[in-house]
Each structure stands twice: as structure tokens, then as C-alpha cells.
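Enquirer: Take a look at this one; I'll ask things after.
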Amino acid sequence: MSEPEEIYRRCRELLGETDSLAGRQVLVSAGGTREPIDAVRFVGNRSSGRMGVALAEEARRRGAEVTLIASNIAVGPPDGVEVVQAPTAADVQQATISHAGADVVLMAAAVSDYRPAQTNEAKRPKDDKTWQIELEPTADVLRGLGENRTNGQVLVGFAAETAANGLQRAREKLAAKQVDLIVYNDVSRDDVGFDARENEVVIVSAEGERHVAKSQKDEIAAAILDEVEHLI
């Protein structure tokens, strides 16, 4: 019979687990924020959190100590990670500030760019009158991380775009946000991106671009973390 250590090592291999990120702290955001309009309504988006959860699971599989900032995720978080609930953009900002010392930060959540300037504490009753809602910008969490990053930290942002110039906008974000990687994906498609089990992305870095063909989000997560390990 093989030694217990050998059995354990082989089991980890079969599960795809490694120690390539052992000793590293990894922070991942996932899901979509919801900015309250009143007691029941909100400004939000269709992000399910699957991409961020896949990243958290893959980082844990590689031996990292993982914290997941969860914004209204539609899927369960992976085992073995710390979960911080962050339903609004302000909550995400506070959670990232609290974990700003992480070695790797992967901002996969769809954080709302705008929120209602005023929020009604009670539910506004339906009537025949026009309801105008003024929106104000939220804090740019990714930009704030880029401006205040620690030495050696790897920072990854996501660019969910729908326009024809989406990839160019992702390239511009790389420098504007002061990050190491921008993961671009076209969320106008129904078969990938928001609320889908598959994705297709372009990973943009200062060294060049890597296209990752349409595949399951856990495979996309592995490709992204391969690029992160290259930077480390």
C-alpha cells in the first residue's frame, strides 16, 4: 500500500489542485451590485457571479488563501474561501479597502457605475404619474485600487462591453486604471458573458493580448490565473 502522503498527493492531482499560489492572498469580486431606488426596487445588472466564483475556486485549487467579495451572486460560493457580502458599489469599495493588502486582486464583479441620488426608505406606490430618477456616479473602485496598489500586487480588471470598439476601450482601461491585466468580454451576446455558463475573452496586458476561445468559465478562470502566475 502506498504511503498516506503519496495517496494525498495523488488525490490532489486528480482534483486539479496545486501549490502554485500557496502562501498568496487572493481577493476576488463577483456578481452584480444593486443600488436601491426604494425599499424594493434597484438599479442593477444581469451578472450572475459565475465568472468570479470560478476564479475564486481556481485560486483556492492552486493553494491560495482566497477572499470572495460577493455582490448578489446567483451561484453558491466555493468551499474553503472567506465570503464577504457586498450588495452595493459602496460595499464593494469598503470590502476592497479592507483587503487592499492582497497579493492578487481580481475585480470580476459588475459594479454599478451609477446609483440613485436619492433613495426612498419605503416602497413608492404605483400611480399614473411620471417618475424621474436622478442618477449619480459611484466611486471607481478599480481606479482607486490602481492608484493605491501595494508593491508587487497583481491587479486584474474586467471590461464588459457591448459596442464595436469594446476591445479598444479595454486596451485604454489598462493604462487608465493602472492595472496589470484587463479581461475583455462582449456582454451583448446571449451565449457568453452575463448570466451564461460559458465565456469568451481577450486578456489584455502591456506585453500583448491573448484570446481565449469560448469555453466553460472554469476554463476561462484557469487561463486568467495562468497569466497572473506569469506576472508573479
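Each chain in the C-alpha cells gets a letter, A, B and so on, in the order shown; residues start at 1 in every chain, and ligands are counted from 1 in the order they appear.
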For stretch 166-178 of chain A, list every protein, DNA or RNA residue within 9 Å, evaluated using only C-alpha atoms, and leave out those in the same chain fewer than 5 positions away; present the list as a list in words.
Expert: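 Within the cut-off, the hits are Leu142, Arg143, Gly144, Leu145, Gly146, Glu147, Leu155, Gly157, Phe158, Ala159, Ala160, Glu161, Val183, Tyr184, Asn185, Asp186, Val202, Val204, Ser205 and Ala206 of chain A.
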Enquirer: What are the closest atom pairs, with distances in Å to one decimal, for all residues of stretch 51-99 of chain A lying within 10 Å of stretch 115-135 of chain A? Consider only C-alpha atoms, order rows by chain and residue number, and present the result as a tab-separated table.
Expert:
residue	atom	partner	partner_atom	distance
A:Thr88	CA	A:Arg115	CA	9.1
A:Ala89	CA	A:Arg115	CA	8.5
A:Ala90	CA	A:Arg115	CA	10.0
Enquirer: Keeping N, CA and C atoms, export the residues of the selection given above as an mmCIF file, in the first residue's frame.
Expert:
data_model
loop_
_atom_site.group_PDB
_atom_site.id
_atom_site.type_symbol
_atom_site.label_atom_id
_atom_site.label_comp_id
_atom_site.auth_asym_id
_atom_site.auth_seq_id
_atom_site.Cartn_x
_atom_site.Cartn_y
_atom_site.Cartn_z
ATOM 1 N N THR A 88 -23.882 46.526 -2.600
ATOM 2 C CA THR A 88 -23.835 47.773 -3.351
ATOM 3 C C THR A 88 -22.399 48.133 -3.728
ATOM 4 N N ALA A 89 -22.271 49.120 -4.609
ATOM 5 C CA ALA A 89 -20.936 49.579 -5.014
ATOM 6 C C ALA A 89 -20.152 50.110 -3.825
ATOM 7 N N ALA A 90 -20.826 50.821 -2.927
ATOM 8 C CA ALA A 90 -20.150 51.337 -1.732
ATOM 9 C C ALA A 90 -19.648 50.197 -0.858
#
Enquirer: Rank A:Leu225, A:Glu136, A:Phe194, A:Glu209 by their smallest atom-to-atom distance to A:Ala56, using only C-alpha atoms, and report the top residue only.
Expert: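 Checking each of A:Leu225, A:Glu136, A:Phe194, A:Glu209 against A:Ala56, counting only C-alpha atoms, the winner is A:Leu225.
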Enquirer: Using the chain letters and numbers from this document, which residues of stretch 39-213 of chain A does DSSP assign to alpha helix (DSSP H), as a ChimeraX atom specification?
Expert: /A:50-61,89-98,141-147,166-176
Enquirer: For those residues, write N, CA and C atoms to a file as a tab-separated table (two decimals), in the first residue's frame.
Expert:
chain	number	residue	atom	x	y	z
A	50	ARG	N	-20.90	33.99	-11.78
A	50	ARG	CA	-20.25	32.70	-12.12
A	50	ARG	C	-18.77	32.87	-12.43
A	51	MET	N	-18.40	33.95	-13.14
A	51	MET	CA	-17.01	34.13	-13.51
A	51	MET	C	-16.15	34.36	-12.28
A	52	GLY	N	-16.60	35.23	-11.40
A	52	GLY	CA	-15.84	35.50	-10.18
A	52	GLY	C	-15.74	34.29	-9.28
A	53	VAL	N	-16.84	33.54	-9.16
A	53	VAL	CA	-16.81	32.33	-8.34
A	53	VAL	C	-15.84	31.31	-8.92
A	54	ALA	N	-15.82	31.19	-10.25
A	54	ALA	CA	-14.87	30.28	-10.90
A	54	ALA	C	-13.43	30.70	-10.63
A	55	LEU	N	-13.17	32.00	-10.62
A	55	LEU	CA	-11.83	32.49	-10.30
A	55	LEU	C	-11.45	32.18	-8.86
A	56	ALA	N	-12.40	32.37	-7.94
A	56	ALA	CA	-12.13	32.07	-6.53
A	56	ALA	C	-11.83	30.59	-6.34
A	57	GLU	N	-12.61	29.75	-7.00
A	57	GLU	CA	-12.41	28.30	-6.89
A	57	GLU	C	-11.06	27.89	-7.46
A	58	GLU	N	-10.69	28.47	-8.60
A	58	GLU	CA	-9.42	28.10	-9.24
A	58	GLU	C	-8.24	28.58	-8.39
A	59	ALA	N	-8.35	29.77	-7.81
A	59	ALA	CA	-7.27	30.27	-6.95
A	59	ALA	C	-7.12	29.39	-5.71
A	60	ARG	N	-8.24	28.97	-5.14
A	60	ARG	CA	-8.20	28.06	-3.98
A	60	ARG	C	-7.57	26.73	-4.37
A	61	ARG	N	-7.90	26.24	-5.55
A	61	ARG	CA	-7.36	24.96	-6.03
A	61	ARG	C	-5.85	25.04	-6.19
A	89	ALA	N	-22.27	49.12	-4.61
A	89	ALA	CA	-20.94	49.58	-5.01
A	89	ALA	C	-20.15	50.11	-3.82
A	90	ALA	N	-20.83	50.82	-2.93
A	90	ALA	CA	-20.15	51.34	-1.73
A	90	ALA	C	-19.65	50.20	-0.86
A	91	ASP	N	-20.42	49.12	-0.78
A	91	ASP	CA	-19.99	47.95	-0.01
A	91	ASP	C	-18.76	47.30	-0.63
A	92	VAL	N	-18.75	47.22	-1.97
A	92	VAL	CA	-17.59	46.64	-2.66
A	92	VAL	C	-16.35	47.50	-2.39
A	93	GLN	N	-16.51	48.81	-2.46
A	93	GLN	CA	-15.39	49.71	-2.20
A	93	GLN	C	-14.84	49.49	-0.79
A	94	GLN	N	-15.71	49.41	0.19
A	94	GLN	CA	-15.27	49.23	1.57
A	94	GLN	C	-14.58	47.89	1.76
A	95	ALA	N	-15.13	46.83	1.13
A	95	ALA	CA	-14.54	45.50	1.27
A	95	ALA	C	-13.15	45.44	0.63
A	96	THR	N	-12.97	46.10	-0.52
A	96	THR	CA	-11.66	46.08	-1.16
A	96	THR	C	-10.64	46.87	-0.35
A	97	ILE	N	-11.08	47.97	0.25
A	97	ILE	CA	-10.18	48.75	1.10
A	97	ILE	C	-9.72	47.90	2.28
A	98	SER	N	-10.64	47.12	2.84
A	98	SER	CA	-10.32	46.28	3.99
A	98	SER	C	-9.36	45.15	3.65
A	141	VAL	N	-14.06	51.91	-8.19
A	141	VAL	CA	-13.33	51.04	-7.27
A	141	VAL	C	-12.02	50.57	-7.89
A	142	LEU	N	-12.05	50.16	-9.15
A	142	LEU	CA	-10.84	49.64	-9.79
A	142	LEU	C	-9.78	50.73	-9.92
A	143	ARG	N	-10.18	51.93	-10.30
A	143	ARG	CA	-9.22	53.03	-10.40
A	143	ARG	C	-8.58	53.32	-9.04
A	144	GLY	N	-9.40	53.30	-7.99
A	144	GLY	CA	-8.88	53.53	-6.65
A	144	GLY	C	-7.86	52.49	-6.24
A	145	LEU	N	-8.10	51.24	-6.61
A	145	LEU	CA	-7.14	50.19	-6.32
A	145	LEU	C	-5.84	50.42	-7.08
A	146	GLY	N	-5.95	50.82	-8.35
A	146	GLY	CA	-4.77	51.06	-9.15
A	146	GLY	C	-3.92	52.20	-8.62
A	147	GLU	N	-4.58	53.24	-8.11
A	147	GLU	CA	-3.86	54.40	-7.61
A	147	GLU	C	-3.19	54.14	-6.27
A	166	GLY	N	-15.37	47.89	-28.26
A	166	GLY	CA	-15.20	47.40	-26.90
A	166	GLY	C	-13.78	46.99	-26.58
A	167	LEU	N	-13.13	46.28	-27.49
A	167	LEU	CA	-11.76	45.84	-27.24
A	167	LEU	C	-10.82	47.04	-27.13
A	168	GLN	N	-11.02	48.04	-27.95
A	168	GLN	CA	-10.19	49.24	-27.86
A	168	GLN	C	-10.40	49.94	-26.52
A	169	ARG	N	-11.64	49.98	-26.05
A	169	ARG	CA	-11.91	50.58	-24.75
A	169	ARG	C	-11.22	49.79	-23.64
A	170	ALA	N	-11.16	48.47	-23.78
A	170	ALA	CA	-10.47	47.63	-22.80
A	170	ALA	C	-8.97	47.94	-22.79
A	171	ARG	N	-8.41	48.15	-23.97
A	171	ARG	CA	-6.99	48.50	-24.06
A	171	ARG	C	-6.71	49.83	-23.36
A	172	GLU	N	-7.61	50.77	-23.53
A	172	GLU	CA	-7.44	52.08	-22.90
A	172	GLU	C	-7.55	51.99	-21.38
A	173	LYS	N	-8.40	51.08	-20.90
A	173	LYS	CA	-8.58	50.92	-19.46
A	173	LYS	C	-7.32	50.40	-18.78
A	174	LEU	N	-6.52	49.63	-19.50
A	174	LEU	CA	-5.31	49.05	-18.92
A	174	LEU	C	-4.43	50.13	-18.31
A	175	ALA	N	-4.21	51.21	-19.06
A	175	ALA	CA	-3.38	52.31	-18.56
A	175	ALA	C	-4.17	53.24	-17.65
A	176	ALA	N	-5.42	53.52	-18.03
A	176	ALA	CA	-6.23	54.47	-17.27
A	176	ALA	C	-6.47	53.99	-15.84
Enquirer: Pick the closest to A:Val26 from A:Arg149, A:Arg46, A:Arg41, A:Arg62: which is it, counting only C-alpha atoms?
Expert: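 Result for the nearest residue to A:Val26: A:Arg62.
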Enquirer: Provide the atom CA of A:Leu27 to atom CA of A:His99 distance in Å, to one decimal place.
Expert: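 Separation between atom CA of A:Leu27 and atom CA of A:His99: 7.3 Å.
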Enquirer: Point out the residue among A:Ile73, A:Ile182, A:Val212, A:Ala22 with the least atom-to-atom distance to A:Val105, counting only C-alpha atoms.
Expert: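 Distance minimum relative to A:Val105 lands on A:Ile182.
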Enquirer: Return as an MDAnalysis selection string the full set of residues in stretch 13-229 of chain A whose backbone-based DSSP assignment is strand (DSSP E or B).
Expert: chainID A and resid 25:32 35:36 42:43 65:71 82:85 104:107 110 114:116 135:137 154:161 181:186 198:205 208:216
Enquirer: Select, from A:Ile37, A:Val156, A:Val84, A:Val187, the residue with the minimum atom-to-atom distance to A:Val104, counting only C-alpha atoms.
Expert: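 Distance minimum relative to A:Val104 lands on A:Val156.
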Enquirer: Between atom CA of A:Ser215 and atom CA of A:Val201, what distance in Å does the model show, to one decimal?
Expert: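 Those two atoms sit 9.5 Å apart.
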Enquirer: Please, what distance in Å, to one decimal, runs between atom CA of A:Pro87 and atom CA of A:Ala223?
Expert: 27.7 Å
